[in-house]
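**Q** Next up, entry-v9.csv (CSV, C-alpha atoms and all ligand atoms).
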chain,number,residue,atom,x,y,z
A,1,MET,CA,-16.8,-1.7,-134.2
A,2,TRP,CA,-15.2,-4.1,-136.7
A,3,VAL,CA,-16.8,-3.3,-139.9
A,4,GLN,CA,-19.8,-1.5,-141.4
A,5,GLU,CA,-22.4,-3.8,-142.7
A,6,ASN,CA,-21.9,-2.6,-146.3
A,7,MET,CA,-18.2,-3.5,-146.2
A,8,SER,CA,-18.6,-7.1,-145.1
A,9,ALA,CA,-18.2,-9.9,-147.7
A,10,ILE,CA,-20.2,-12.3,-145.5
A,11,LEU,CA,-23.1,-9.9,-145.1
A,12,GLU,CA,-23.0,-9.1,-148.8
A,13,VAL,CA,-23.5,-12.7,-149.7
A,14,VAL,CA,-26.2,-13.1,-147.0
A,15,ASN,CA,-28.0,-10.1,-148.4
A,16,LYS,CA,-27.8,-11.3,-152.0
A,17,LEU,CA,-29.2,-14.7,-151.0
A,18,ALA,CA,-31.9,-13.2,-149.0
A,19,SER,CA,-33.0,-11.0,-151.9
A,20,ILE,CA,-32.9,-13.8,-154.5
A,21,SER,CA,-35.4,-15.9,-152.6
A,22,THR,CA,-37.4,-16.0,-149.5
A,23,ASP,CA,-38.8,-19.4,-150.1
A,24,TYR,CA,-35.7,-21.6,-149.7
A,25,GLU,CA,-35.5,-22.5,-153.3
A,26,VAL,CA,-32.2,-21.1,-154.3
A,27,PRO,CA,-30.2,-23.9,-156.0
A,28,GLU,CA,-26.8,-25.1,-154.7
A,29,ARG,CA,-25.2,-23.7,-157.9
A,30,VAL,CA,-26.1,-20.1,-157.1
A,31,VAL,CA,-24.6,-20.3,-153.6
A,32,ASN,CA,-21.5,-22.1,-154.9
A,33,GLU,CA,-21.0,-19.3,-157.4
A,34,LEU,CA,-21.4,-16.6,-154.9
A,35,PHE,CA,-19.0,-18.4,-152.6
A,36,GLU,CA,-16.3,-18.9,-155.3
A,37,GLN,CA,-16.6,-15.3,-156.5
A,38,ASN,CA,-16.0,-14.0,-153.0
A,39,ARG,CA,-13.8,-16.8,-151.6
A,40,GLU,CA,-10.7,-14.8,-150.8
A,41,ARG,CA,-12.6,-11.9,-149.2
A,42,LEU,CA,-14.8,-14.3,-147.2
A,43,LEU,CA,-11.8,-16.2,-145.8
A,44,SER,CA,-9.7,-13.2,-144.9
A,45,GLU,CA,-12.7,-11.6,-143.3
A,46,ALA,CA,-13.4,-14.7,-141.2
A,47,GLU,CA,-9.8,-14.6,-140.1
A,48,GLU,CA,-10.3,-11.0,-138.8
A,49,LEU,CA,-13.5,-12.0,-137.1
A,50,LYS,CA,-11.8,-14.5,-134.8
A,51,ASP,CA,-11.6,-11.6,-132.2
A,52,TYR,CA,-15.3,-11.7,-131.8
A,53,ALA,CA,-16.4,-14.9,-130.3
A,54,ILE,CA,-18.8,-16.7,-127.9
A,55,LYS,CA,-17.5,-19.8,-126.1
A,56,ILE,CA,-19.9,-22.3,-124.6
A,57,ASP,CA,-18.8,-24.3,-121.6
A,58,VAL,CA,-21.5,-26.9,-120.6
A,59,ASN,CA,-19.3,-28.5,-118.0
A,60,GLU,CA,-18.7,-25.3,-115.9
A,61,TYR,CA,-22.0,-23.7,-117.2
A,62,LYS,CA,-20.4,-20.5,-118.4
A,63,VAL,CA,-20.7,-18.6,-121.6
A,64,ARG,CA,-17.7,-16.4,-122.4
A,65,PHE,CA,-18.1,-13.4,-124.8
A,66,TYR,CA,-15.0,-12.0,-126.5
A,67,ASN,CA,-15.0,-8.6,-128.2
A,68,LYS,CA,-11.4,-7.9,-129.2
A,69,GLY,CA,-9.4,-7.7,-125.9
A,70,LEU,CA,-12.5,-7.8,-123.7
A,71,GLU,CA,-13.7,-11.1,-122.0
A,72,VAL,CA,-17.2,-11.1,-120.4
A,73,VAL,CA,-18.0,-14.3,-118.5
A,74,VAL,CA,-21.7,-15.1,-117.8
A,75,ASP,CA,-22.6,-17.8,-115.3
A,76,ILE,CA,-25.5,-19.9,-116.8
A,77,SER,CA,-25.8,-22.5,-114.1
A,78,ASN,CA,-29.3,-21.3,-113.1
A,79,TYR,CA,-30.5,-20.8,-116.7
A,80,PRO,CA,-28.6,-22.8,-119.3
A,81,LEU,CA,-28.9,-20.4,-122.3
A,82,LEU,CA,-26.6,-18.9,-124.8
A,83,LEU,CA,-27.9,-15.4,-123.9
A,84,PRO,CA,-29.6,-15.4,-120.5
A,85,CYS,CA,-31.6,-12.1,-121.0
A,86,ASN,CA,-35.2,-12.1,-120.0
A,87,CYS,CA,-36.1,-8.7,-121.4
A,88,GLY,CA,-38.0,-10.4,-124.2
A,89,ILE,CA,-40.6,-11.6,-121.7
A,90,ALA,CA,-42.4,-8.2,-121.4
A,91,PRO,CA,-43.5,-8.0,-125.1
A,92,SER,CA,-44.5,-11.6,-124.9
A,93,VAL,CA,-46.8,-10.9,-122.0
A,94,ARG,CA,-48.4,-8.1,-124.0
A,95,ALA,CA,-48.9,-10.6,-126.8
A,96,VAL,CA,-50.6,-13.0,-124.4
A,97,LEU,CA,-53.0,-10.3,-123.2
A,98,ARG,CA,-53.8,-9.3,-126.8
A,99,CYS,CA,-54.4,-12.8,-127.9
A,100,GLU,CA,-58.0,-13.1,-129.0
A,101,ASP,CA,-58.0,-16.8,-129.8
A,102,LEU,CA,-57.5,-17.4,-126.2
A,103,GLU,CA,-60.4,-15.5,-124.9
A,104,GLN,CA,-61.9,-18.7,-123.7
A,105,LYS,CA,-58.7,-20.1,-122.2
A,106,LEU,CA,-58.7,-17.9,-119.2
A,107,SER,CA,-57.0,-20.4,-116.9
A,108,VAL,CA,-53.9,-20.7,-119.0
A,109,LYS,CA,-53.8,-17.0,-119.7
A,110,LYS,CA,-54.0,-16.3,-116.0
A,111,LYS,CA,-51.4,-18.8,-115.1
A,112,LEU,CA,-49.0,-17.7,-117.7
A,113,SER,CA,-49.6,-14.0,-117.0
A,114,LYS,CA,-48.7,-14.7,-113.4
A,115,TRP,CA,-45.4,-16.5,-114.3
A,116,LEU,CA,-44.4,-14.2,-117.0
A,117,THR,CA,-45.1,-10.9,-115.3
A,118,MET,CA,-43.1,-11.8,-112.2
A,119,ARG,CA,-40.5,-9.1,-111.9
A,120,PHE,CA,-37.2,-10.8,-111.8
A,121,PRO,CA,-34.1,-8.7,-112.6
A,122,CYS,CA,-32.7,-9.7,-116.0
A,123,PRO,CA,-29.7,-12.0,-115.3
A,124,LEU,CA,-27.7,-10.3,-118.1
A,125,HIS,CA,-28.7,-6.7,-117.6
A,126,SER,CA,-28.4,-6.8,-113.8
A,127,ASN,CA,-24.9,-8.4,-113.8
A,128,LEU,CA,-23.0,-6.7,-116.6
A,129,SER,CA,-21.9,-3.1,-116.8
A,130,GLU,CA,-23.2,-0.8,-119.5
A,131,HIS,CA,-19.8,-1.1,-121.3
A,132,GLU,CA,-19.9,-5.0,-121.1
A,133,LEU,CA,-23.5,-5.0,-122.4
A,134,GLU,CA,-22.6,-2.8,-125.3
A,135,LYS,CA,-19.6,-5.0,-126.2
A,136,VAL,CA,-21.7,-8.2,-126.0
A,137,GLY,CA,-24.4,-6.6,-128.1
A,138,GLU,CA,-21.8,-5.8,-130.8
A,139,ILE,CA,-20.9,-9.5,-131.2
A,140,PHE,CA,-24.6,-10.2,-132.0
A,141,LYS,CA,-24.6,-7.6,-134.8
A,142,ILE,CA,-21.7,-8.9,-136.9
A,143,PRO,CA,-20.7,-12.3,-138.1
A,144,SER,CA,-18.9,-13.9,-135.1
A,145,PHE,CA,-17.5,-17.2,-133.9
A,146,ILE,CA,-19.2,-19.7,-131.6
A,147,TYR,CA,-16.8,-22.1,-129.9
A,148,TYR,CA,-17.3,-25.4,-128.1
A,149,LYS,CA,-13.9,-26.3,-126.5
A,150,ASP,CA,-11.4,-25.2,-129.0
A,151,PHE,CA,-13.5,-25.7,-132.1
A,152,GLY,CA,-15.4,-22.8,-133.6
A,153,VAL,CA,-17.8,-22.0,-136.4
A,154,ILE,CA,-18.8,-18.6,-137.8
A,155,TRP,CA,-22.5,-17.6,-137.8
A,156,HIS,CA,-24.5,-14.4,-138.1
A,157,ASN,CA,-27.5,-13.6,-135.9
A,158,GLY,CA,-30.7,-13.7,-137.9
A,159,SER,CA,-29.1,-15.4,-140.9
A,160,VAL,CA,-28.4,-18.9,-139.6
A,161,TRP,CA,-29.2,-20.8,-136.4
A,162,PRO,CA,-26.4,-20.6,-133.9
A,163,PRO,CA,-24.9,-23.7,-132.3
A,164,SER,CA,-26.5,-23.2,-128.9
A,165,ILE,CA,-26.6,-25.0,-125.5
A,166,ASP,CA,-28.4,-27.9,-127.1
A,167,SER,CA,-25.8,-28.3,-129.8
A,168,ALA,CA,-23.0,-28.2,-127.2
A,169,LEU,CA,-24.8,-30.7,-125.0
A,170,PHE,CA,-25.3,-32.9,-128.1
A,171,VAL,CA,-21.6,-33.2,-128.8
A,172,ASN,CA,-20.7,-33.3,-125.1
A,173,TRP,CA,-23.0,-36.4,-124.6
A,174,ILE,CA,-21.8,-38.1,-127.8
A,175,GLU,CA,-18.2,-37.5,-126.8
A,176,GLU,CA,-18.6,-38.6,-123.1
A,177,LYS,CA,-19.9,-42.0,-124.3
A,178,ALA,CA,-17.6,-42.2,-127.3
A,179,TYR,CA,-20.6,-43.1,-129.5
A,180,LEU,CA,-18.9,-42.3,-132.8
A,181,LYS,CA,-15.6,-43.9,-132.0
A,182,GLU,CA,-15.9,-46.8,-134.4
A,183,HIS,CA,-17.7,-44.8,-137.2
A,184,ARG,CA,-16.2,-43.5,-140.4
A,185,LYS,CA,-19.1,-42.0,-142.4
A,186,VAL,CA,-21.6,-39.6,-140.8
A,187,LEU,CA,-24.4,-37.3,-142.0
A,188,ASP,CA,-25.4,-34.1,-140.2
A,189,LEU,CA,-29.0,-33.5,-141.1
A,190,GLY,CA,-30.2,-29.9,-140.7
A,191,ALA,CA,-26.6,-28.8,-140.2
A,192,GLY,CA,-27.1,-25.0,-139.9
A,193,THR,CA,-23.5,-23.7,-139.5
A,194,GLY,CA,-22.3,-27.3,-139.8
A,195,PHE,CA,-21.2,-27.3,-136.2
A,196,LEU,CA,-22.3,-30.8,-135.2
A,197,GLY,CA,-20.8,-32.6,-138.3
A,198,LEU,CA,-17.6,-30.5,-138.3
A,199,TYR,CA,-17.1,-31.0,-134.6
A,200,ALA,CA,-17.7,-34.8,-134.9
A,201,ALA,CA,-15.2,-34.9,-137.9
A,202,TYR,CA,-12.7,-33.0,-135.7
A,203,ALA,CA,-13.2,-34.9,-132.4
A,204,PHE,CA,-13.6,-38.4,-133.9
A,205,ASP,CA,-11.3,-38.2,-136.9
A,206,LEU,CA,-14.2,-39.4,-139.2
A,207,GLU,CA,-13.3,-40.1,-142.8
A,208,GLU,CA,-16.5,-38.9,-144.5
A,209,VAL,CA,-18.9,-36.3,-143.2
A,210,THR,CA,-21.7,-34.7,-145.1
A,211,LEU,CA,-23.5,-31.5,-143.9
A,212,SER,CA,-27.0,-31.0,-145.3
A,213,ASP,CA,-29.6,-28.3,-144.8
A,214,PHE,CA,-32.5,-27.0,-146.9
A,215,ASP,CA,-31.8,-23.3,-146.1
A,216,PRO,CA,-29.5,-21.6,-148.7
A,217,LEU,CA,-28.1,-19.4,-145.9
A,218,ALA,CA,-27.3,-22.4,-143.7
A,219,TYR,CA,-25.7,-24.1,-146.8
A,220,PHE,CA,-23.6,-21.0,-147.3
A,221,PHE,CA,-22.4,-20.9,-143.7
A,222,SER,CA,-21.7,-24.7,-143.8
A,223,LEU,CA,-19.6,-24.1,-146.9
A,224,LEU,CA,-17.7,-21.3,-145.2
A,225,ASN,CA,-17.2,-23.2,-142.0
A,226,SER,CA,-16.0,-26.3,-144.0
A,227,GLU,CA,-13.4,-24.2,-145.7
A,228,LEU,CA,-12.2,-22.8,-142.4
A,229,ALA,CA,-12.1,-26.3,-140.8
A,230,LYS,CA,-10.1,-27.5,-143.8
A,231,GLN,CA,-7.6,-24.7,-143.4
A,232,GLU,CA,-7.3,-24.9,-139.6
A,233,HIS,CA,-7.8,-28.6,-138.9
A,234,GLY,CA,-7.3,-30.4,-142.2
A,235,ILE,CA,-10.9,-31.6,-142.2
A,236,GLU,CA,-12.7,-32.3,-145.5
A,237,VAL,CA,-16.4,-32.6,-145.6
A,238,LYS,CA,-19.2,-32.5,-148.2
A,239,VAL,CA,-22.0,-30.0,-148.1
A,240,VAL,CA,-25.4,-30.6,-149.7
A,241,LEU,CA,-28.5,-28.4,-150.0
A,242,SER,CA,-31.3,-30.9,-149.3
A,243,ASP,CA,-34.8,-30.8,-147.9
A,244,ALA,CA,-34.6,-33.6,-145.3
A,245,PHE,CA,-33.6,-36.7,-147.2
A,246,SER,CA,-34.7,-35.5,-150.6
A,247,ARG,CA,-31.1,-35.3,-152.1
A,248,ILE,CA,-29.5,-37.9,-149.8
A,249,ASN,CA,-28.6,-41.0,-151.7
A,250,GLU,CA,-25.9,-42.7,-149.7
A,251,LYS,CA,-25.8,-44.8,-146.5
A,252,TYR,CA,-24.0,-43.6,-143.3
A,253,ASP,CA,-22.7,-45.2,-140.2
A,254,ALA,CA,-24.6,-42.6,-138.2
A,255,ILE,CA,-26.9,-39.6,-138.7
A,256,LEU,CA,-26.7,-36.6,-136.3
A,257,CYS,CA,-29.8,-34.4,-136.2
A,258,ASN,CA,-30.6,-31.4,-134.1
A,259,PRO,CA,-33.8,-30.3,-135.9
A,260,PRO,CA,-36.3,-27.6,-135.0
A,261,TYR,CA,-38.4,-29.1,-132.3
A,262,LEU,CA,-41.0,-26.5,-131.6
A,263,PRO,CA,-44.5,-27.8,-132.6
A,264,VAL,CA,-46.1,-24.9,-134.3
A,265,ALA,CA,-48.9,-25.7,-136.6
A,266,GLY,CA,-48.9,-24.0,-140.0
A,267,GLN,CA,-45.2,-23.2,-139.9
A,268,GLU,CA,-43.9,-26.5,-141.3
A,269,GLY,CA,-41.9,-24.9,-144.2
A,270,SER,CA,-39.9,-22.7,-141.9
A,271,PRO,CA,-36.3,-23.5,-140.8
A,272,ILE,CA,-37.2,-22.4,-137.2
A,273,PHE,CA,-40.5,-23.8,-136.4
A,274,GLY,CA,-42.4,-27.0,-136.8
A,275,THR,CA,-41.4,-30.6,-136.5
A,276,ARG,CA,-41.2,-31.8,-140.2
A,277,LEU,CA,-37.5,-32.5,-140.2
A,278,LEU,CA,-37.8,-34.2,-136.7
A,279,MET,CA,-40.6,-36.4,-137.9
A,280,GLU,CA,-38.9,-37.2,-141.2
A,281,ALA,CA,-35.7,-38.1,-139.5
A,282,ALA,CA,-37.4,-40.4,-137.0
A,283,SER,CA,-39.6,-42.1,-139.7
A,284,LYS,CA,-37.0,-42.5,-142.5
A,285,TYR,CA,-33.6,-42.7,-141.0
A,286,HIS,CA,-33.5,-46.5,-141.3
A,287,HIS,CA,-33.2,-46.2,-145.1
A,288,TYR,CA,-29.9,-44.3,-144.7
A,289,THR,CA,-28.3,-45.6,-141.5
A,290,LYS,CA,-28.6,-48.0,-138.6
A,291,GLU,CA,-28.0,-45.3,-136.0
A,292,LEU,CA,-29.7,-41.9,-135.6
A,293,TYR,CA,-28.8,-39.4,-132.9
A,294,LEU,CA,-31.8,-37.2,-132.6
A,295,MET,CA,-32.4,-34.2,-130.3
A,296,PHE,CA,-35.8,-33.0,-129.3
A,297,SER,CA,-37.7,-31.6,-126.4
A,298,SER,CA,-40.4,-32.6,-123.9
A,299,LEU,CA,-42.7,-30.4,-126.1
A,300,THR,CA,-42.3,-33.0,-128.9
A,301,LEU,CA,-42.4,-36.3,-127.0
A,302,ASP,CA,-44.9,-37.7,-129.5
A,303,VAL,CA,-42.0,-38.4,-131.9
A,304,LEU,CA,-41.2,-41.4,-129.7
A,305,GLU,CA,-44.3,-43.1,-131.1
A,306,LEU,CA,-42.3,-43.6,-134.4
A,307,GLY,CA,-39.5,-45.6,-132.8
A,308,LYS,CA,-39.0,-49.2,-131.6
A,309,ASN,CA,-35.5,-49.0,-130.2
A,310,VAL,CA,-34.8,-45.6,-128.7
A,311,GLU,CA,-32.5,-44.8,-125.8
A,312,ILE,CA,-32.2,-41.5,-124.1
A,313,ILE,CA,-28.5,-40.5,-124.0
A,314,GLY,CA,-28.8,-37.3,-122.1
A,315,LYS,CA,-31.4,-34.8,-121.0
A,316,GLU,CA,-31.3,-31.3,-119.5
A,317,MET,CA,-34.0,-28.8,-118.4
A,318,VAL,CA,-33.6,-25.4,-120.1
A,319,PRO,CA,-35.7,-22.3,-120.0
A,320,PHE,CA,-38.3,-21.9,-122.7
A,321,ARG,CA,-36.7,-18.7,-124.0
A,322,VAL,CA,-37.2,-18.8,-127.7
A,323,PRO,CA,-37.4,-15.2,-128.9
A,324,SER,CA,-38.9,-16.2,-132.2
A,325,VAL,CA,-41.8,-17.8,-130.3
A,326,LEU,CA,-42.1,-15.3,-127.4
A,327,LEU,CA,-42.0,-12.3,-129.7
A,328,ASN,CA,-44.5,-13.5,-132.3
A,329,THR,CA,-48.0,-13.1,-131.0
A,330,GLU,CA,-49.5,-15.6,-133.3
A,331,VAL,CA,-46.9,-18.3,-132.6
A,332,PHE,CA,-46.9,-17.6,-128.9
A,333,CYS,CA,-50.7,-17.9,-128.7
A,334,HIS,CA,-50.4,-21.2,-130.4
A,335,TYR,CA,-48.1,-22.3,-127.6
A,336,LEU,CA,-50.5,-21.1,-124.9
A,337,ALA,CA,-53.2,-23.2,-126.5
A,338,GLU,CA,-50.8,-26.2,-126.6
A,339,MET,CA,-49.9,-25.7,-123.0
A,340,GLU,CA,-53.6,-25.8,-122.0
A,341,GLU,CA,-53.7,-29.1,-123.8
A,342,ASN,CA,-51.0,-30.5,-121.5
A,343,LEU,CA,-47.7,-30.1,-123.3
A,344,ASN,CA,-44.7,-31.1,-121.3
A,345,TYR,CA,-43.4,-27.8,-120.0
A,346,PHE,CA,-42.3,-27.1,-116.4
A,347,VAL,CA,-42.7,-24.0,-114.2
A,348,LYS,CA,-39.9,-22.7,-111.9
A,349,GLU,CA,-41.6,-19.8,-110.1
A,350,ASP,CA,-38.4,-18.6,-108.5
A,351,ASN,CA,-36.3,-18.4,-111.7
A,352,PRO,CA,-36.0,-15.3,-114.0
A,353,PHE,CA,-37.2,-17.7,-116.7
A,354,PRO,CA,-40.3,-19.3,-115.2
A,355,VAL,CA,-41.3,-21.6,-118.1
A,356,TRP,CA,-39.0,-24.5,-118.9
A,357,HIS,CA,-38.8,-27.5,-121.1
A,358,GLU,CA,-36.5,-30.5,-121.2
A,359,VAL,CA,-34.2,-31.2,-124.2
A,360,MET,CA,-33.1,-34.7,-124.8
A,361,LEU,CA,-30.6,-36.5,-127.1
A,362,THR,CA,-31.8,-39.9,-128.1
A,363,LYS,CA,-30.2,-42.8,-130.0
A,364,TRP,CA,-32.4,-44.7,-132.5
A,365,TRP,CA,-31.5,-48.1,-134.0
A,401,LIG,C1,-32.1,-26.1,-134.6
A,401,LIG,S1,-31.2,-25.7,-136.0
A,401,LIG,C2,-29.8,-26.7,-135.7
A,401,LIG,C3,-28.6,-26.4,-136.5
A,401,LIG,C4,-27.3,-27.2,-136.1
A,401,LIG,N1,-27.6,-28.7,-136.3
A,401,LIG,C5,-26.8,-27.0,-134.7
A,401,LIG,O1,-27.1,-27.8,-133.8
A,401,LIG,O2,-26.2,-25.9,-134.5
A,401,LIG,C6,-32.1,-26.7,-137.2
A,401,LIG,C7,-31.6,-26.6,-138.6
A,401,LIG,O3,-32.4,-27.5,-139.4
A,401,LIG,C8,-32.6,-27.0,-140.7
A,401,LIG,N2,-33.9,-27.5,-141.3
A,401,LIG,C9,-35.1,-27.3,-140.8
A,401,LIG,N3,-36.0,-28.0,-141.6
A,401,LIG,C10,-35.2,-28.7,-142.5
A,401,LIG,C11,-35.5,-29.6,-143.6
A,401,LIG,N4,-36.8,-29.9,-143.9
A,401,LIG,N5,-34.5,-30.1,-144.3
A,401,LIG,C12,-33.2,-29.7,-144.1
A,401,LIG,N6,-32.9,-28.9,-143.1
A,401,LIG,C13,-33.9,-28.4,-142.3
A,401,LIG,C14,-32.7,-25.5,-140.4
A,401,LIG,O4,-32.5,-24.7,-141.6
A,401,LIG,C15,-31.7,-25.3,-139.3
A,401,LIG,O5,-30.4,-24.9,-139.9
Output the file's structure in the form of structure tokens.
Ligand SMILES: C[S@@+](CC[C@H](N)C(=O)[O-])C[C@H]1O[C@@H](n2cnc3c(N)ncnc32)[C@H](O)[C@@H]1O
**A**
Amino acid sequence: MWVQENMSAILEVVNKLASISTDYEVPERVVNELFEQNRERLLSEAEELKDYAIKIDVNEYKVRFYNKGLEVVVDISNYPLLLPCNCGIAPSVRAVLRCEDLEQKLSVKKKLSKWLTMRFPCPLHSNLSEHELEKVGEIFKIPSFIYYKDFGVIWHNGSVWPPSIDSALFVNWIEEKAYLKEHRKVLDLGAGTGFLGLYAAYAFDLEEVTLSDFDPLAYFFSLLNSELAKQEHGIEVKVVLSDAFSRINEKYDAILCNPPYLPVAGQEGSPIFGTRLLMEAASKYHHYTKELYLMFSSLTLDVLELGKNVEIIGKEMVPFRVPSVLLNTEVFCHYLAEMEENLNYFVKEDNPFPVWHEVMLTKWW
């Protein structure tokens, strides 16, 4: 494999940031300093890592994995997911059966147990050879690139949210309808790796793009990706560490936001769960822009109550395969309770992923 963890400049910075703080309060200055101190190593390492990539194609519904010379193509037309592996289902079922809070909710427990214990072969594990699985697995252990069309960003599994099918659909729908064609100044709110804002800057030739996120690791990856986009495409963007709009003081032609959209009570401070950024974007965007492009799911339809003029630009059913939910007993139990209360999820009994939700991109003005 490419590099041992202790030799990687990217993972060295990730580990330092993780050890400084676990509560998302590392100031911008600390990340900037770490970035500058390691700049040359980070950039040359990123260059070497271009051999390890995932390419998302939402038109042909394929995900292509590259590990050095090897290409592994996975057809995702029956389950649009970055990694269509359903092996995480089994632990989640055990979680369901252990879940004491749901003692009374037998009906939902029974229904879900039925769907989730159906024995479908794992689409990934039943279609790839041992060797291919090993090579795909390696890509998820090291920092690697995720591409949409010919534009890529670097990420690291577990450190920062990857641009996923929803991010690719986001830019695909915006591009199809040329929504940002007349715009010059755009904010990517909750930018993660910076993918949406950087891709928009690249595809629409925008003059001013700001990437913002409250997670120091996301801020670091946005910085790194901005630097790579500058070298490769001549794109210059600003990067800001900001909790929602707290450090945003300017006005924009449009805001792009693909926030967490999983309604998990008690997890509102986390970058993964909760709907705080979603709700803040929907309720405060008009102070900063006339146009908000906001992604959410049928599980969070209540955000629509905050809008007057909202149009659905695109929607797509995707499996509810969220490892951080399915593998966390407490969080998953919360979902089961919500499902009992009629959350908008869907069941496809003949699919390896039986529980689905619908993601939608909306325009607010
Ligand atoms: C689903 S990820 C999307 C990342 C990226 N926009 C993409 O599509 O690839 C959501 C991002 O929102 C960020 N986030 C969550 N809550 C936030 C908040 N209150 N303020 C700023 N960023 C937040 C997370 O750290 C995470 O990077």
**Q** Residues within 6 Å of ligand LIG 401 (chain A) (all atoms listed in the file), as a list in words?
**A**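 Those within range of ligand LIG 401 (chain A) are Trp161, Pro162, Pro163, Ser167, Gly190, Ala191, Gly192, Phe195, Leu196, Asp213, Phe214, Asp215, Ala218, Ser242, Asp243, Ala244, Asn258, Pro259, Pro260, Pro271 and Leu277 of chain A.
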**Q** Emit the selected residues as a PDB file, in the coordinates of the input, including C-alpha atoms.
**A**
ATOM      1  CA  TRP A 161     -29.200 -20.800-136.400  1.00  0.00           C
ATOM      2  CA  PRO A 162     -26.400 -20.600-133.900  1.00  0.00           C
ATOM      3  CA  PRO A 163     -24.900 -23.700-132.300  1.00  0.00           C
ATOM      4  CA  SER A 167     -25.800 -28.300-129.800  1.00  0.00           C
ATOM      5  CA  GLY A 190     -30.200 -29.900-140.700  1.00  0.00           C
ATOM      6  CA  ALA A 191     -26.600 -28.800-140.200  1.00  0.00           C
ATOM      7  CA  GLY A 192     -27.100 -25.000-139.900  1.00  0.00           C
ATOM      8  CA  PHE A 195     -21.200 -27.300-136.200  1.00  0.00           C
ATOM      9  CA  LEU A 196     -22.300 -30.800-135.200  1.00  0.00           C
ATOM     10  CA  ASP A 213     -29.600 -28.300-144.800  1.00  0.00           C
ATOM     11  CA  PHE A 214     -32.500 -27.000-146.900  1.00  0.00           C
ATOM     12  CA  ASP A 215     -31.800 -23.300-146.100  1.00  0.00           C
ATOM     13  CA  ALA A 218     -27.300 -22.400-143.700  1.00  0.00           C
ATOM     14  CA  SER A 242     -31.300 -30.900-149.300  1.00  0.00           C
ATOM     15  CA  ASP A 243     -34.800 -30.800-147.900  1.00  0.00           C
ATOM     16  CA  ALA A 244     -34.600 -33.600-145.300  1.00  0.00           C
ATOM     17  CA  ASN A 258     -30.600 -31.400-134.100  1.00  0.00           C
ATOM     18  CA  PRO A 259     -33.800 -30.300-135.900  1.00  0.00           C
ATOM     19  CA  PRO A 260     -36.300 -27.600-135.000  1.00  0.00           C
ATOM     20  CA  PRO A 271     -36.300 -23.500-140.800  1.00  0.00           C
ATOM     21  CA  LEU A 277     -37.500 -32.500-140.200  1.00  0.00           C
TER      22      LEU A 277
END
**Q** Report the distance between atom CA of A:Ala229 and atom CA of A:Gly152 in Å, rounded to one decimal place.
**A** 8.7 Å
**Q** When you look at stretch 61-73 of chain A with a cut-off of 6 Å (counting only C-alpha atoms), what residues show up, excluding the ones that are within fewer than 6 positions of it in the same chain? I need them as a list in words.
**A**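 Contacts, in chain order: Asp51, Tyr52, Ala53, Ile54 and Lys55 of chain A.
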**Q** Nearest residue to A:Asn32 out of A:Phe151, A:Phe220, A:Tyr202, A:Trp365, using only C-alpha atoms?
**A**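 With only C-alpha atoms as the atom set, the closest residue is A:Phe220.
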**Q** Give me, please, the distance in Å between atom CA of A:Asp166 and atom CA of A:Thr362, quoted to one decimal.
**A**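 It comes out at 12.5 Å.
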**Q** Could you check which of A:Ser324, A:Asn249, A:Asn344, A:Ser212 is closest to A:Ser297, using all atoms listed in the file?
**A**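 Under the stated criterion, the closest residue is A:Asn344.
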**Q** Just give me the gap between atom CA of A:Tyr148 and atom CA of A:Ala168 in Å, one decimal is fine.
**A** 6.4 Å
**Q** Which residues are close to stretch 303-308 of chain A, i.e. within 7 Å by all atoms listed in the file, leaving aside same-chain residues fewer than 5 positions away? Reply as a list in words.
**A**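 Contacts, in chain order: Met279, Ala282 and Ser283 of chain A.
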**Q** Identify which of the residues A:Lys16, A:Phe296, A:Ile165, A:Gln231 lies closest to A:Ile76, counting only C-alpha atoms when measuring atom-to-atom distances.
**A** A:Ile165
**Q** Using only C-alpha atoms, which residue out of A:Tyr288, A:Val310, A:Ala201, A:Glu280 lies closest to A:Lys230?
**A**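 Ranked by minimum distance to A:Lys230, first place goes to A:Ala201.
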**Q** Using all atoms listed in the file, can you tell me which of A:Pro319, A:Gly158, A:Pro80, A:Pro123 comes closest to A:Leu11?
**A**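 Result for the nearest residue to A:Leu11: A:Gly158.
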**Q** I'd like to know which of A:Val347, A:Leu299, A:Leu83, A:Leu224 is closest to A:Trp155, using all atoms listed in the file.
**A**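 Closest to A:Trp155 of all the choices is A:Leu224.
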**Q** Might you pull out every residue within 10 Å of A:Val26, with all atoms listed in the file counted and same-chain residues fewer than 4 positions away left off, and present them as a list in words?
**A**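 Neighbouring residues, sequence-local ones excluded: Leu17, Ala18, Ile20, Ser21, Thr22, Val30, Val31, Phe214, Asp215, Pro216, Leu217 and Leu241 of chain A.
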**Q** Take the residues that were just selected and, keeping C-alpha atoms, output them as a JSON list (two decimals), in the coordinates of the input.
**A**
[["chain", "number", "residue", "atom", "x", "y", "z"],
["A", 17, "LEU", "CA", -29.20, -14.70, -151.00],
["A", 18, "ALA", "CA", -31.90, -13.20, -149.00],
["A", 20, "ILE", "CA", -32.90, -13.80, -154.50],
["A", 21, "SER", "CA", -35.40, -15.90, -152.60],
["A", 22, "THR", "CA", -37.40, -16.00, -149.50],
["A", 30, "VAL", "CA", -26.10, -20.10, -157.10],
["A", 31, "VAL", "CA", -24.60, -20.30, -153.60],
["A", 214, "PHE", "CA", -32.50, -27.00, -146.90],
["A", 215, "ASP", "CA", -31.80, -23.30, -146.10],
["A", 216, "PRO", "CA", -29.50, -21.60, -148.70],
["A", 217, "LEU", "CA", -28.10, -19.40, -145.90],
["A", 241, "LEU", "CA", -28.50, -28.40, -150.00]]
**Q** Can you tell me, as a compact mmCIF listing (two decimals) with C-alpha atoms, in the coordinates of the input, what residues are no more than 7 Å from A:Thr193 when counting only C-alpha atoms, ignoring any on the same chain fewer than 6 positions away?
**A**
# COMPACT_ATOMS: atom_id res chain seq x y z
CA VAL A 153 -17.80 -22.00 -136.40
CA TRP A 155 -22.50 -17.60 -137.80
CA VAL A 160 -28.40 -18.90 -139.60
CA ALA A 218 -27.30 -22.40 -143.70
CA PHE A 221 -22.40 -20.90 -143.70
CA SER A 222 -21.70 -24.70 -143.80
CA ASN A 225 -17.20 -23.20 -142.00
